[in-house]
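K.L.:
Here you go, start_11.cif (mmCIF, C-alpha atoms and all ligand atoms):
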```cif
data_protein
#
loop_
_atom_site.label_atom_id
_atom_site.label_comp_id
_atom_site.auth_asym_id
_atom_site.auth_seq_id
_atom_site.Cartn_x
_atom_site.Cartn_y
_atom_site.Cartn_z
CA MET U 5 98.43 73.19 103.70
CA ILE U 6 99.01 75.97 106.21
CA THR U 7 99.97 79.65 106.02
CA PHE U 8 100.40 82.48 108.51
CA PRO U 9 98.61 85.72 107.53
CA ASN U 10 100.35 88.65 109.22
CA ALA U 11 99.13 92.05 110.36
CA LYS U 12 100.15 95.48 109.05
CA ILE U 13 100.57 98.93 110.50
CA ASN U 14 100.08 102.27 108.77
CA LEU U 15 103.03 104.67 108.83
CA GLY U 16 101.27 108.01 108.33
CA LEU U 17 97.73 108.19 106.98
CA TYR U 18 96.27 111.21 105.21
CA ILE U 19 92.70 111.44 103.96
CA THR U 20 93.02 113.73 100.97
CA GLY U 21 89.54 113.80 99.45
CA LYS U 22 86.04 112.36 99.27
CA ARG U 23 85.00 110.69 96.03
CA PRO U 24 81.60 110.68 94.35
CA ASP U 25 81.20 106.95 95.19
CA GLY U 26 81.44 107.78 98.95
CA TYR U 27 84.93 106.28 99.33
CA HIS U 28 87.89 108.49 100.30
CA ASN U 29 91.23 109.06 98.64
CA LEU U 30 94.09 108.54 101.04
CA GLU U 31 97.86 108.32 101.27
CA THR U 32 99.56 105.90 103.60
CA VAL U 33 102.44 103.48 103.94
CA PHE U 34 101.57 99.89 104.80
CA TYR U 35 104.26 97.98 106.67
CA PRO U 36 104.02 94.24 107.55
CA VAL U 37 104.17 93.26 111.22
CA PRO U 38 104.99 89.73 112.51
CA LEU U 39 101.75 89.29 114.44
CA GLU U 40 100.14 86.30 112.72
CA ASP U 41 96.94 84.31 112.38
CA ALA U 42 97.21 80.66 111.27
CA LEU U 43 95.17 79.54 108.27
CA GLU U 44 94.97 75.92 107.17
CA ILE U 45 92.98 74.30 104.37
CA ARG U 46 92.33 70.63 103.63
CA THR U 47 90.48 69.20 100.66
CA LEU U 48 87.18 67.58 101.71
CA PRO U 49 86.30 64.71 99.38
CA ASN U 50 82.59 63.79 99.14
CA ALA U 51 81.46 66.74 101.28
CA ASP U 52 77.84 67.96 101.34
CA SER U 53 78.83 71.63 101.53
CA LYS U 54 81.48 73.66 99.69
CA PHE U 55 83.31 74.61 102.87
CA LEU U 56 83.47 74.04 106.60
CA LEU U 57 84.96 76.81 108.75
CA TYR U 58 86.51 76.06 112.13
CA GLN U 59 87.56 79.12 114.07
CA TYR U 60 89.80 79.39 117.13
CA GLY U 61 91.45 82.11 119.22
CA ILE U 62 90.08 85.67 119.27
CA GLN U 63 86.36 85.78 118.49
CA ILE U 64 85.22 87.77 115.46
CA ASN U 65 81.73 88.94 114.56
CA GLY U 66 79.72 87.61 111.67
CA THR U 67 78.67 84.35 110.09
CA ALA U 68 81.01 81.90 108.34
CA GLY U 69 79.81 83.24 104.98
CA GLU U 70 80.88 86.75 106.03
CA ASN U 71 84.38 85.64 106.95
CA LEU U 72 86.88 87.16 104.53
CA ALA U 73 88.85 83.91 104.29
CA VAL U 74 85.66 82.17 103.16
CA LYS U 75 84.81 85.03 100.77
CA ALA U 76 88.24 84.61 99.19
CA TYR U 77 87.60 80.89 98.69
CA LEU U 78 84.14 81.53 97.20
CA LEU U 79 85.57 84.14 94.82
CA LEU U 80 88.07 81.69 93.34
CA ASP U 81 85.56 78.82 93.50
CA LYS U 82 83.20 80.82 91.26
CA LEU U 83 85.95 81.12 88.65
CA PHE U 84 87.79 77.79 88.98
CA HIS U 85 85.21 75.37 90.48
CA LEU U 86 87.42 74.30 93.37
CA PRO U 87 86.88 71.13 95.40
CA PRO U 88 85.18 71.56 98.81
CA ILE U 89 87.57 72.47 101.63
CA GLU U 90 87.82 72.49 105.38
CA ILE U 91 89.21 75.79 106.74
CA HIS U 92 90.91 76.14 110.11
CA LEU U 93 91.44 79.76 111.14
CA TYR U 94 93.27 80.61 114.34
CA LYS U 95 92.83 84.33 115.07
CA HIS U 96 95.63 86.12 116.91
CA ILE U 97 95.23 89.48 115.13
CA PRO U 98 92.47 91.47 116.85
CA SER U 99 89.77 92.76 114.50
CA GLY U 100 88.54 96.34 114.38
CA ALA U 101 92.15 97.16 115.16
CA GLY U 102 93.34 98.84 111.95
CA MET U 103 95.78 95.97 111.55
CA GLY U 104 94.14 94.47 108.47
CA GLY U 105 93.64 91.03 110.02
CA GLY U 106 90.59 90.15 107.95
CA SER U 107 92.13 91.49 104.74
CA SER U 108 95.29 89.51 105.41
CA ASP U 109 93.33 86.28 105.92
CA ALA U 110 91.60 86.89 102.58
CA ALA U 111 94.81 87.63 100.68
CA PHE U 112 96.66 84.68 102.20
CA MET U 113 93.69 82.42 101.37
CA LEU U 114 93.99 83.46 97.70
CA LYS U 115 97.74 82.66 97.77
CA LEU U 116 97.13 79.36 99.57
CA LEU U 117 94.44 78.21 97.11
CA ASN U 118 96.66 79.24 94.19
CA LYS U 119 99.42 77.00 95.52
CA HIS U 120 97.31 74.12 96.83
CA PHE U 121 95.23 73.75 93.66
CA GLN U 122 98.03 74.84 91.27
CA LEU U 123 95.93 77.58 89.70
CA ASP U 124 99.02 79.28 88.31
CA LEU U 125 97.75 82.80 89.02
CA SER U 126 100.30 85.62 88.79
CA GLU U 127 100.88 88.13 91.60
CA ASN U 128 99.05 90.75 89.50
CA GLN U 129 96.01 88.50 89.10
CA LEU U 130 96.00 87.72 92.82
CA GLU U 131 96.15 91.46 93.58
CA THR U 132 93.19 92.08 91.28
CA TYR U 133 91.09 89.41 93.04
CA ALA U 134 92.22 90.65 96.47
CA SER U 135 91.13 94.22 95.71
CA GLU U 136 87.58 92.93 95.21
CA LEU U 137 87.56 91.77 98.84
CA GLY U 138 88.69 94.94 100.62
CA ALA U 139 90.49 98.22 99.98
CA ASP U 140 93.76 97.22 101.68
CA CYS U 141 93.57 93.50 100.89
CA ALA U 142 95.85 93.54 97.83
CA PHE U 143 98.75 94.86 99.93
CA PHE U 144 99.05 91.43 101.59
CA ILE U 145 99.75 89.67 98.28
CA LYS U 146 103.30 91.07 97.98
CA ASN U 147 103.30 91.85 101.70
CA ALA U 148 106.21 94.30 101.47
CA PRO U 149 106.48 97.99 102.52
CA THR U 150 104.17 99.89 100.17
CA LEU U 151 103.04 103.45 99.54
CA ALA U 152 99.29 103.34 98.92
CA LYS U 153 97.19 106.02 97.27
CA GLY U 154 93.74 106.20 95.68
CA ILE U 155 91.28 104.42 97.96
CA GLY U 156 94.28 102.64 99.45
CA ASN U 157 94.71 100.24 96.53
CA GLN U 158 97.10 102.02 94.15
CA PHE U 159 100.48 100.75 95.20
CA SER U 160 104.10 101.78 94.73
CA PRO U 161 106.82 99.74 96.40
CA ILE U 162 109.06 101.78 98.72
CA ASN U 163 112.58 101.25 99.85
CA LEU U 164 112.10 101.29 103.60
CA SER U 165 113.46 98.89 106.17
CA LEU U 166 112.69 99.04 109.87
CA GLN U 167 114.40 95.71 110.39
CA GLY U 168 115.53 95.26 113.99
CA TYR U 169 113.16 97.89 115.42
CA VAL U 170 111.19 96.68 118.42
CA ILE U 171 107.44 97.15 118.18
CA ARG U 172 104.73 97.18 120.81
CA VAL U 173 101.10 97.14 119.67
CA VAL U 174 98.29 97.85 122.12
CA LYS U 175 94.64 97.30 121.21
CA PRO U 176 92.18 98.44 123.86
CA ASN U 177 88.82 96.73 124.05
CA ILE U 178 87.23 99.37 121.80
CA PHE U 179 85.89 98.58 118.33
CA VAL U 180 86.28 101.39 115.82
CA SER U 181 84.37 100.81 112.59
CA THR U 182 86.40 101.95 109.56
CA ARG U 183 83.23 103.33 108.00
CA ASP U 184 82.41 105.45 111.11
CA ALA U 185 85.99 106.69 111.41
CA PHE U 186 85.78 108.03 107.84
CA ALA U 187 82.43 109.68 108.52
CA HIS U 188 84.02 112.19 110.94
CA ILE U 189 86.92 113.21 108.71
CA CYS U 190 87.39 116.49 106.89
CA PRO U 191 89.77 115.68 103.98
CA ARG U 192 92.83 117.89 103.39
CA THR U 193 96.23 117.93 101.71
CA PRO U 194 99.05 116.78 104.03
CA GLN U 195 101.48 119.43 105.28
CA HIS U 196 104.52 117.27 104.46
CA ALA U 197 104.69 114.88 101.50
CA LEU U 198 104.51 111.32 102.79
CA GLU U 199 106.98 110.02 100.16
CA GLU U 200 109.59 112.45 101.53
CA VAL U 201 108.95 112.06 105.26
CA ILE U 202 109.13 108.27 105.10
CA ASN U 203 112.74 108.55 103.90
CA LEU U 204 113.75 110.75 106.87
CA PRO U 205 115.13 109.21 110.09
CA VAL U 206 112.46 107.63 112.32
CA SER U 207 113.42 110.17 115.02
CA THR U 208 111.86 112.96 112.87
CA TRP U 209 108.55 111.17 112.38
CA LYS U 210 107.05 112.31 115.70
CA LYS U 211 106.98 115.86 114.31
CA MET U 212 106.45 115.08 110.63
CA LEU U 213 104.23 112.03 110.28
CA SER U 214 100.63 111.70 111.42
CA ASN U 215 97.42 109.72 111.08
CA ASP U 216 94.36 111.86 110.26
CA PHE U 217 92.06 109.34 111.95
CA GLU U 218 93.57 110.27 115.34
CA GLU U 219 91.80 113.64 115.16
CA SER U 220 88.43 111.98 114.70
CA VAL U 221 88.92 108.94 116.94
CA PHE U 222 90.85 110.31 119.99
CA PRO U 223 88.10 112.78 121.03
CA LEU U 224 85.53 109.96 120.92
CA HIS U 225 87.80 107.51 122.77
CA PRO U 226 90.40 109.40 124.90
CA GLU U 227 91.77 106.04 126.19
CA ILE U 228 93.28 105.43 122.73
CA GLY U 229 95.15 108.76 122.81
CA GLU U 230 96.38 107.93 126.33
CA ILE U 231 97.94 104.67 125.07
CA LYS U 232 99.93 106.67 122.52
CA GLU U 233 101.21 108.98 125.29
CA THR U 234 102.14 105.97 127.43
CA LEU U 235 104.12 104.43 124.56
CA TYR U 236 106.11 107.67 124.22
CA LYS U 237 106.71 107.67 127.99
CA GLN U 238 107.97 104.08 127.66
CA GLY U 239 110.60 105.30 125.20
CA ALA U 240 109.02 104.90 121.75
CA ILE U 241 110.80 106.83 119.01
CA TYR U 242 107.54 106.99 117.10
CA ALA U 243 104.01 106.10 118.16
CA SER U 244 100.73 106.25 116.25
CA MET U 245 97.30 104.78 115.92
CA SER U 246 97.23 102.23 113.08
CA GLY U 247 94.67 102.70 110.29
CA SER U 248 91.27 103.69 111.62
CA GLY U 249 92.14 102.25 115.07
CA SER U 250 91.74 101.18 117.69
CA SER U 251 95.25 99.73 117.94
CA VAL U 252 98.22 101.97 118.70
CA TYR U 253 101.82 100.99 118.05
CA GLY U 254 105.16 102.24 119.30
CA LEU U 255 108.48 101.78 117.48
CA PHE U 256 111.49 101.42 119.78
CA ALA U 257 115.20 101.43 118.96
CA PRO U 258 116.70 98.07 117.96
CA GLY U 259 117.80 96.13 121.05
CA THR U 260 115.35 97.87 123.40
CA THR U 261 114.05 95.74 126.25
CA LEU U 262 110.46 96.87 126.65
CA PRO U 263 109.26 97.88 130.10
CA THR U 264 106.58 95.65 131.60
CA SER U 265 103.25 96.97 130.49
CA ASP U 266 99.97 97.47 132.24
CA PHE U 267 97.38 98.58 129.75
CA GLY U 268 94.56 96.89 131.66
CA SER U 269 93.37 93.30 131.51
CA ASP U 270 90.93 94.18 128.69
CA SER U 271 93.68 95.26 126.30
CA PHE U 272 95.54 93.13 123.80
CA VAL U 273 99.32 93.69 123.79
CA PHE U 274 101.80 92.38 121.22
CA ASP U 275 105.57 92.85 121.61
CA GLY U 276 107.79 91.85 118.71
CA LYS U 277 110.72 92.68 116.47
CA LEU U 278 110.41 93.96 112.89
C1 LIG L 1 91.47 103.07 105.67
C2 LIG L 1 92.28 101.85 106.07
C3 LIG L 1 93.74 102.29 106.10
O1 LIG L 1 94.60 101.29 106.41
O2 LIG L 1 91.77 101.48 107.35
P1 LIG L 1 92.03 100.19 108.29
O3 LIG L 1 91.10 99.11 107.84
O4 LIG L 1 93.46 99.81 108.14
O5 LIG L 1 91.68 100.63 109.66
C4 LIG L 1 92.09 100.74 105.05
O6 LIG L 1 92.59 101.11 103.79
C5 LIG L 1 90.63 100.36 104.89
O7 LIG L 1 90.63 99.15 104.18
P2 LIG L 1 89.46 98.09 104.39
O8 LIG L 1 89.26 97.81 105.85
O9 LIG L 1 89.77 96.96 103.48
O10 LIG L 1 88.23 98.91 103.89
P3 LIG L 1 86.87 98.39 103.24
O11 LIG L 1 86.41 97.19 103.99
O12 LIG L 1 87.05 98.33 101.77
O13 LIG L 1 85.90 99.64 103.58
C6 LIG L 1 85.21 99.81 104.80
C7 LIG L 1 84.44 101.15 104.72
O14 LIG L 1 85.36 102.24 104.90
C8 LIG L 1 85.08 103.33 104.04
N1 LIG L 1 86.25 103.57 103.19
C9 LIG L 1 87.21 102.63 103.04
C10 LIG L 1 88.35 102.89 102.30
C11 LIG L 1 88.47 104.16 101.68
N2 LIG L 1 89.55 104.49 100.96
N3 LIG L 1 87.48 105.08 101.83
C12 LIG L 1 86.38 104.82 102.58
O15 LIG L 1 85.51 105.68 102.73
C13 LIG L 1 83.84 102.92 103.26
O16 LIG L 1 82.73 103.47 103.95
C14 LIG L 1 83.82 101.41 103.36
O17 LIG L 1 82.50 100.90 103.32
N1 LIG L 2 88.93 86.51 108.85
C1 LIG L 2 88.57 87.63 109.48
N2 LIG L 2 89.33 88.15 110.46
C2 LIG L 2 88.97 89.29 111.07
N3 LIG L 2 87.85 90.00 110.80
C3 LIG L 2 87.06 89.53 109.83
C4 LIG L 2 87.38 88.33 109.14
N4 LIG L 2 86.41 88.14 108.23
C5 LIG L 2 85.53 89.14 108.35
N5 LIG L 2 85.89 89.99 109.31
C6 LIG L 2 85.17 91.23 109.68
O1 LIG L 2 85.95 92.32 109.14
C7 LIG L 2 85.85 93.46 109.98
C8 LIG L 2 87.20 94.19 110.04
O2 LIG L 2 88.19 93.31 110.48
P1 LIG L 2 89.76 93.53 110.27
O3 LIG L 2 90.10 93.55 108.82
O4 LIG L 2 90.47 92.53 111.09
O5 LIG L 2 89.99 94.90 110.96
P2 LIG L 2 90.52 96.30 110.47
O6 LIG L 2 89.68 96.75 109.27
O7 LIG L 2 90.33 97.14 111.65
O8 LIG L 2 91.96 96.13 110.09
C9 LIG L 2 85.31 92.96 111.32
O9 LIG L 2 84.06 93.57 111.52
C10 LIG L 2 85.13 91.46 111.18
O10 LIG L 2 83.89 91.02 111.68
#
```
I need this file expressed as structure tokens, please.

P.N.:
Amino acid sequence: MITFPNAKINLGLYITGKRPDGYHNLETVFYPVPLEDALEIRTLPNADSKFLLYQYGIQINGTAGENLAVKAYLLLDKLFHLPPIEIHLYKHIPSGAGMGGGSSDAAFMLKLLNKHFQLDLSENQLETYASELGADCAFFIKNAPTLAKGIGNQFSPINLSLQGYVIRVVKPNIFVSTRDAFAHICPRTPQHALEEVINLPVSTWKKMLSNDFEESVFPLHPEIGEIKETLYKQGAIYASMSGSGSSVYGLFAPGTTLPTSDFGSDSFVFDGKL
């Protein structure tokens, strides 16, 4: 059985406070983007090990046991004693990009196992398991535009459609660790309420909507800020870094033909339609 875990972008991201457990409270809107990995599982009868992981496409760091798709399998295996499986993971979503690729693989693995082994888990149960695997992981269960608060795991659905908008995502060859990006942040209350700004026309977002991580990440890596400027020069209505970086996206009016891009041979570029 196969599934296609997609990426997300953050529309606005405000770090509002630091909690006693070291995590940060934030406010953001997660929006799904049609840049997809491919994740396939097959039951392995008479296998010696619980799982075999085959990985293709973009390389990611870490051992098989550290892979979030595997962690998702092991989480449900602990509870439901699943048969051994073979996992094929084709990575298209760059990691360390702020696009939630690893979290998406984990959430889609939970959904895939639920279906494949008929576990009959509800969306709420899947969200609860997903939140054990990463702060933004549960978003990918419903995978619909969501306002997130708390540590990024308290969700309210929002009525927002960017359908038809053209998107360009650029990920330079720079790895920004989410943990390090948080370490340089000074939490504050946002100037404009995110719930309100997100309902305003996209043309107002340039002035009204921002990502607090840009202030901590752009000075360390000016190339990332330059990509945002380039996307505006190319005609983006709104451009921003996604999550804790290092990817930057531009939203362009429906029907836009994007100019040819030259962000350097080291950069990953995705052009698509929302
Ligand atoms: C902050 C966001 C916004 O979208 O960044 P991106 O991952 O998208 O870049 C996400 O919510 C991230 O979610 P996720 O990537 O799952 O975070 P986790 O693995 O749970 O946490 C990585 C590290 O970030 C820090 N962390 C994470 C979330 C949070 N609300 N406060 C934190 O301080 C912690 O130091 C934690 O050890
Ligand atoms: N299936 C996976 N895909 C991508 N990254 C993974 C995966 N499993 C574990 N990781 C690890 O998770 C970290 C963050 O990856 P990812 O979630 O893609 O990025 P981001 O947090 O920037 O959105 C990376 O350090 C990577 O090694």

K.L.:
Between U:Thr20, U:Gln238, U:Thr32, U:Ser165, which one has atoms that come closest to U:Gly254, using all atoms listed in the file?

P.N.:
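Closest candidate: U:Gln238.
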
K.L.:
Neighbours of ligand LIG 1 (chain L) at 7 Å or closer, counting all atoms listed in the file: which residues, as a list in words?

P.N.:
Asn14, Gly26, Tyr27, His28, Asn29, Leu30, Ala101, Gly102, Met103, Gly104, Ser107, Gly138, Ala139, Asp140, Cys141, Gly154, Ile155, Gly156, Thr182, Arg183, Phe186, Ser246, Gly247, Ser248 and Gly249 of chain U

K.L.:
Show me which residues line ligand LIG 2 (chain L), defined as having an atom within 9 Å of a ligand atom where only C-alpha atoms and all ligand atoms count, and present them as an MDAnalysis selection string.

P.N.:
chainID U and resid 11:12 41 63:75 93 95 97:110 138 140:141 179:182 246:251

K.L.:
Taking all atoms listed in the file into account, produce a table as JSON lines in which each residue of stretch 14-119 of chain U with an atom at most 7 Å from an atom of stretch 123-131 of chain U appears once, together with its shortest atom pair and the distance in Å to one decimal, ordered by chain and rising number.

P.N.:
```
{"residue": "U:Leu114", "atom": "CA", "partner": "U:Leu130", "partner_atom": "CA", "distance": 6.8}
{"residue": "U:Asn118", "atom": "CA", "partner": "U:Leu123", "partner_atom": "CA", "distance": 4.8}
{"residue": "U:Lys119", "atom": "CA", "partner": "U:Leu123", "partner_atom": "CA", "distance": 6.8}
```

K.L.:
Please, what distance in Å, to one decimal, runs between atom CA of U:Ala152 and atom CA of U:Leu15?

P.N.:
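Those two atoms sit 10.7 Å apart.
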
K.L.:
Might you pull out every residue within 7 Å of U:Ala243, with all atoms listed in the file counted and same-chain residues fewer than 3 positions away left off, and present them as a PyMOL selection string?

P.N.:
chain U and resi 232+235-236+240+253-255

K.L.:
Set the distance at 6 Å and use only C-alpha atoms: which residues neighbour stretch 215-224 of chain U once local chain neighbours fewer than 3 positions away are removed? I'd like the list as a list in words.

P.N.:
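Listed by chain and then number, they are Gly16, Leu17, Tyr18, His188, Gly229 and Ser248 of chain U.
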
K.L.:
Can you write just those residues out, C-alpha atoms, as a compact mmCIF listing (two decimals), in the frame of the given file?

P.N.:
```txt
# COMPACT_ATOMS: atom_id res chain seq x y z
CA GLY U 16 101.27 108.01 108.33
CA LEU U 17 97.73 108.19 106.98
CA TYR U 18 96.27 111.21 105.21
CA HIS U 188 84.02 112.19 110.94
CA GLY U 229 95.15 108.76 122.81
CA SER U 248 91.27 103.69 111.62
```

K.L.:
Kindly give the distance, in Å, that separates atom CA of U:Gly268 and atom CA of U:Val173, rounded to a single decimal.

P.N.:
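Interatomic distance here is 13.7 Å.
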
K.L.:
With all atoms listed in the file as the basis for distance, which of U:Tyr94, U:Phe256, U:Tyr58, U:Phe121 is at the shortest distance from U:Met5?

P.N.:
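Among the listed residues, the smallest separation from U:Met5 belongs to U:Phe121.
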